[in-house]
Amino acid sequence: MTRSAVLLEAATRVLGRCEVTAVLGDAVVRVRGARSQEFVVKQHGSRSKHDREVHAYRRWTAALGPSAPRLIAADSATMAIVVTMLAGQPCSGDPKADVHHQAGALLRRFHGSEPARELPWFPGWLDDRIRHWTSQAKTLLSA
């Protein structure tokens with residue numbers, strides 16, 4: 001069974017009769033349901049990626065309101081999700097200032113969705129990352 005067929009089967013269990021209208025990636029398809037609604041169906045390659053994305057949809061995307069897709073269903077067995085389709089098109093070429101402004105406004109809403117909290121481990125984590133990337137770049141950088 002092809003990946004698209006697996007995703008269509010997952011969508012059909014949730015949405016009823018539907019059809020694949022576009023293959024958006026190796027593990028992502030767009031489907032149209034019986035009432036002409038469009039959805040995106042995605043299958044994760046690992047349990048951790050699936051759990052992270054489902055958690056984000058359930059916990060944080062509400063803060064973005066209509067600017068974020070809504071989680072319709074998550075199937076733990078197949079690691080597939082069904083989300084609503086947002087209108088729009090990928091930004092081609094150099095993004096314009098208004099696209100950056102919109103992204104910044106959404107990011108501000110996202111970061112404001114929970115109260116600030118201390119992350120005592122973060123400075124040590126940053127130090128480790130800096131050491132790692134500095135050692136990787138030694139042959140590329142002059143003194």
# chains A, B, ... in the order shown; residues from 1 in each chain; ligands from 1
>>> residues_around(residues="segment 48-61 of chain A", least_positions_apart="3", cutoff="9 Å", atoms="only C-alpha atoms", output="ChimeraX atom specification")
/A:43-45,64-65,67-71,74,76,79-81,110,113-114
>>> residues_around(residues="Ala10 of chain A", least_positions_apart="2", cutoff="10 Å", atoms="only C-alpha atoms", output="list of chain:residue names")
A:Ser4, A:Ala5, A:Val6, A:Leu7, A:Leu8, A:Thr12, A:Arg13, A:Val14, A:Leu15, A:Gly16, A:Val41, A:Lys42, A:Gln43, A:Ala73, A:Ala74, A:Asp75, A:Thr78, A:Met79, A:Ala80, A:Ile81, A:Val82
>>> write_last_selection(atoms="N, CA and C atoms", output="short mmCIF file (atom, residue, chain, number, x, y, z; two decimals), in the first residue's frame")
data_model
loop_
_atom_site.label_atom_id
_atom_site.label_comp_id
_atom_site.auth_asym_id
_atom_site.auth_seq_id
_atom_site.Cartn_x
_atom_site.Cartn_y
_atom_site.Cartn_z
N SER A 4 0.39 7.44 0.19
CA SER A 4 -0.84 8.21 -0.07
C SER A 4 -2.08 7.40 0.25
N ALA A 5 -2.06 6.11 -0.06
CA ALA A 5 -3.20 5.24 0.24
C ALA A 5 -3.39 5.09 1.74
N VAL A 6 -2.30 4.97 2.48
CA VAL A 6 -2.38 4.88 3.95
C VAL A 6 -2.99 6.16 4.51
N LEU A 7 -2.55 7.31 3.99
CA LEU A 7 -3.07 8.59 4.47
C LEU A 7 -4.54 8.77 4.09
N LEU A 8 -4.91 8.34 2.89
CA LEU A 8 -6.32 8.42 2.49
C LEU A 8 -7.17 7.53 3.39
N THR A 12 -10.21 8.81 5.69
CA THR A 12 -11.55 8.25 5.50
C THR A 12 -12.15 7.77 6.82
N ARG A 13 -11.31 7.21 7.68
CA ARG A 13 -11.81 6.78 9.00
C ARG A 13 -12.36 7.96 9.80
N VAL A 14 -11.76 9.13 9.63
CA VAL A 14 -12.15 10.31 10.40
C VAL A 14 -13.23 11.12 9.69
N LEU A 15 -13.07 11.31 8.39
CA LEU A 15 -13.91 12.24 7.65
C LEU A 15 -15.03 11.59 6.86
N GLY A 16 -14.97 10.29 6.70
CA GLY A 16 -15.90 9.62 5.80
C GLY A 16 -15.31 9.67 4.39
N VAL A 41 -3.51 15.74 5.64
CA VAL A 41 -3.27 14.51 6.39
C VAL A 41 -1.77 14.25 6.33
N LYS A 42 -1.19 14.02 7.49
CA LYS A 42 0.26 13.90 7.59
C LYS A 42 0.60 12.70 8.46
N GLN A 43 1.60 11.96 8.04
CA GLN A 43 2.08 10.83 8.84
C GLN A 43 3.51 11.12 9.26
N ALA A 73 -8.06 15.23 14.03
CA ALA A 73 -7.87 13.90 14.60
C ALA A 73 -6.39 13.56 14.62
N ALA A 74 -6.03 12.72 15.59
CA ALA A 74 -4.67 12.19 15.68
C ALA A 74 -4.79 10.69 15.93
N ASP A 75 -4.13 9.91 15.10
CA ASP A 75 -4.15 8.46 15.23
C ASP A 75 -2.79 7.99 15.71
N THR A 78 -1.07 4.85 13.75
CA THR A 78 -0.41 5.10 12.46
C THR A 78 0.46 6.34 12.48
N MET A 79 0.46 7.06 13.60
CA MET A 79 1.18 8.33 13.76
C MET A 79 0.76 9.34 12.69
N ALA A 80 -0.54 9.37 12.40
CA ALA A 80 -1.09 10.29 11.40
C ALA A 80 -1.95 11.34 12.08
N ILE A 81 -2.00 12.52 11.48
CA ILE A 81 -2.89 13.58 11.95
C ILE A 81 -3.70 14.11 10.78
N VAL A 82 -4.88 14.63 11.09
CA VAL A 82 -5.72 15.32 10.11
C VAL A 82 -5.94 16.72 10.66
#
>>> atom_distance(atom1="atom CA of Glu38 of chain A", atom2="atom CA of Thr2 of chain A")
21.0 Å
>>> select_by_dssp(residues="segment 30-70 of chain A", states="helix (DSSP H, G or I)", output="list in words")
Arg47, Ser48, Lys49, His50, Asp51, Arg52, Glu53, Val54, His55, Ala56, Tyr57, Arg58, Arg59, Thr61, Ala62, Ala63, Leu64, Gly65, Pro66 and Ser67 of chain A
>>> write_last_selection(atoms="C-alpha atoms", output="mmCIF file, in the first residue's frame")
data_model
loop_
_atom_site.group_PDB
_atom_site.id
_atom_site.type_symbol
_atom_site.label_atom_id
_atom_site.label_comp_id
_atom_site.auth_asym_id
_atom_site.auth_seq_id
_atom_site.Cartn_x
_atom_site.Cartn_y
_atom_site.Cartn_z
ATOM 1 C CA ARG A 47 6.814 8.683 17.661
ATOM 2 C CA SER A 48 8.543 11.735 19.182
ATOM 3 C CA LYS A 49 7.687 13.962 16.178
ATOM 4 C CA HIS A 50 4.082 12.757 16.231
ATOM 5 C CA ASP A 51 3.698 13.328 19.971
ATOM 6 C CA ARG A 52 5.340 16.790 19.753
ATOM 7 C CA GLU A 53 3.098 18.009 16.943
ATOM 8 C CA VAL A 54 -0.089 16.636 18.514
ATOM 9 C CA HIS A 55 0.869 18.270 21.824
ATOM 10 C CA ALA A 56 1.470 21.607 20.057
ATOM 11 C CA TYR A 57 -1.902 21.476 18.299
ATOM 12 C CA ARG A 58 -3.708 20.589 21.517
ATOM 13 C CA ARG A 59 -1.905 23.050 23.749
ATOM 14 C CA THR A 61 -2.190 26.635 18.418
ATOM 15 C CA ALA A 62 -5.423 27.967 19.931
ATOM 16 C CA ALA A 63 -3.455 31.126 20.757
ATOM 17 C CA LEU A 64 -3.032 31.740 17.021
ATOM 18 C CA GLY A 65 -6.783 31.675 16.380
ATOM 19 C CA PRO A 66 -7.768 31.400 12.722
ATOM 20 C CA SER A 67 -4.125 31.792 11.656
#
>>> atom_distance(atom1="atom CA of Val31 of chain A", atom2="atom CA of Glu9 of chain A")
10.9 Å
>>> closest_residue(among="A:Val83, A:Ile72, A:Leu140, A:Leu107", to="Val28 of chain A", atoms="only C-alpha atoms")
A:Val83
>>> residues_around(residues="Thr21 of chain A", least_positions_apart="4", cutoff="8 Å", atoms="only C-alpha atoms", output="ChimeraX atom specification")
/A:29-32
>>> write_last_selection(atoms="C-alpha atoms", output="JSON list (two decimals), in the first residue's frame")
[["chain", "number", "residue", "atom", "x", "y", "z"],
["A", 29, "VAL", "CA", -1.55, 14.82, 1.30],
["A", 30, "ARG", "CA", -4.41, 17.24, 0.85],
["A", 31, "VAL", "CA", -7.86, 15.65, 0.82],
["A", 32, "ARG", "CA", -11.34, 16.91, 0.05]]
>>> closest_residue(among="A:Gly25, A:Gly124, A:Gly33, A:Gly104", to="Thr84 of chain A", atoms="only C-alpha atoms")
A:Gly33
>>> select_by_dssp(residues="chain A", states="strand (DSSP E)", output="PyMOL selection string")
chain A and resi 18-25+28-33+38-43+71-75+80-84
